[in-house]
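**Q** If you scroll down you'll find the structure; I have some questions about it.
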Amino acid sequence: MGKIQVTVLIPAYNAAGTINRAIDSILNQKYNQELIKIVVVNDGSKDETLSILLNYQKIYGTNKIKIITQVNKGLSATRNILINHVETNWFLFLDADDWYHKNALTNMVKIIKKDTDIVVSKAIWWKNNVYRRTILTNQFNKKSNLLDYLLKCDYGYLWNKLYNIHFIKKYNIHSKVGYSITEDQYFSNQVYANNPKIAFCTKHTFYYFKNKFSMSSKTNLKEMYRLFDMLKDSIKVIDNDLIIKNYWINILFWINKISKLSNEEKYAINKKVNSLIHNKAYKFKVSKWRKIAYKMIKKNIF
């Protein structure tokens, strides 16, 4: 494959406490640094994020680190902007509070083949500097369908993948602006729906800072409605029952996670959703589930 250039895309908002670790993990890669570019969007940060970024740029130069500053537009819009600034054939997303293993890019790039569209790797979840669990295990059987495996186990994560920019642009794959939960799965649904050629890296490449799940405590009524709106949007552009089914499961996860439901109520909803996703006609029942969500909200359980 020759020398493969890679761009790491970082959306940053009030990331002064973690952005050093993220960028240092890129600069400390064993992969040829001349083949790595970094693009960061400072999404209206109110802390010292921009000052820290400018200091890195002063040391390493504008050819190595590109900084874009904007008023706050949110994660989805920022990711779309980042993609528009990719000038290499391959790119990755890195959140400002996550970091790479020193051999991450080496291990991902070396398994790229001529027809590869994305590389998916294993990752580790951390919380309070303590290992929690591994994302994607070696249980994948090479004789099995890799896409089916990822749909069941990957949950649409963006940060453990290396993307071919030509594949992303060919199918106009993008983040859905205005959403703050499951927005990554919307992006991944579009990727998987277009039958990408996938390479699977069995090495741990990435460390995910699990505390970001605290966002669930801030989820409000508007966001809950948008879960169902996003599902409807996905149905319009994706003709793949397995993908939509797994999207339902992810929505159920969030309903259970951020709601004040009793165990009995959660069990009832799980039962209804399981019935729905095994029904071939579930695509036409989204409006029904909006009504269920509305009833749940009226009972003040969110």
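Here's how to read the names in the structure tokens: chain A, B, ... by the order shown, residue numbers from 1 in each chain, ligand numbers from 1 in the order shown.
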Where in region 13-110 of chain A does DSSP assign strand (DSSP E or B), given as a list in words?
**A**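 Filtering region 13-110 of chain A down to strand (DSSP E or B) leaves Ile36, Lys37, Ile38, Val39, Val40, Val41, Asn42, Asp43, Ile65, Lys66, Ile67, Ile68, Thr69, Gln70, Trp90, Phe91, Leu92, Phe93, Trp99 and Tyr100 of chain A.
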**Q** Find the residues near Val8 (chain A): any atom within 9 Å, counting only C-alpha atoms, skip ones fewer than 3 places away on the same chain, and give them as a VMD selection string.
**A** chain A and resid 26 36 to 40 86 90 to 94
**Q** In Å to one decimal, how far is CA of Lys64 (chain A) from CA of His166 (chain A)?
**A**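 So the answer is 21.8 Å.
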**Q** With only C-alpha atoms as the atoms that count, which of A:Leu35, A:Val41, A:Val191, A:Leu27 lies nearest to Tyr56 (chain A)?
**A**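 Residue with the minimum atom-to-atom distance to Tyr56 (chain A): A:Leu27.
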**Q** For the atom pair CA of His101 (chain A) and CA of Asn72 (chain A), what is the interatomic distance in Å to one decimal place?
**A**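 Distance reported for this atom pair: 29.7 Å.
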**Q** Using only C-alpha atoms, which protein or nucleic acid residues come within 8 Å of region 73-83 of chain A? Drop anything in the same chain fewer than 2 positions from it, and give the result as a VMD selection string.
**A** chain A and resid 9 to 11 39 to 41 43 to 44 70 to 71 85 to 86 174 to 180 183
**Q** Could you pull out the helix (DSSP H, G or I) residues of region 3-105 of chain A from DSSP and send them as a PyMOL selection string?
**A** chain A and resi 19-27+33-35+49-60+75-84+104-105
**Q** At a cut-off of 7 Å, using only C-alpha atoms, what residues contact Ala16 (chain A)? Leave out same-chain residues fewer than 2 positions from it and give the result as a PyMOL selection string.
**A** chain A and resi 14+18-19+47-49
**Q** Residues of the last selection are to be written out with C-alpha atoms, as a PDB file, in the first residue's frame.
**A**
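Resulting contents of part-v2.pdb:
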ATOM      1  CA  ASN A  14     -13.886  23.199  27.059  1.00  0.00           C
ATOM      2  CA  THR A  18      -7.704  16.608  28.750  1.00  0.00           C
ATOM      3  CA  ILE A  19      -6.639  17.944  25.348  1.00  0.00           C
ATOM      4  CA  ASP A  47     -11.683  27.767  28.987  1.00  0.00           C
ATOM      5  CA  GLU A  48      -7.997  27.596  28.002  1.00  0.00           C
ATOM      6  CA  THR A  49      -8.496  25.058  25.188  1.00  0.00           C
TER       7      THR A  49
END
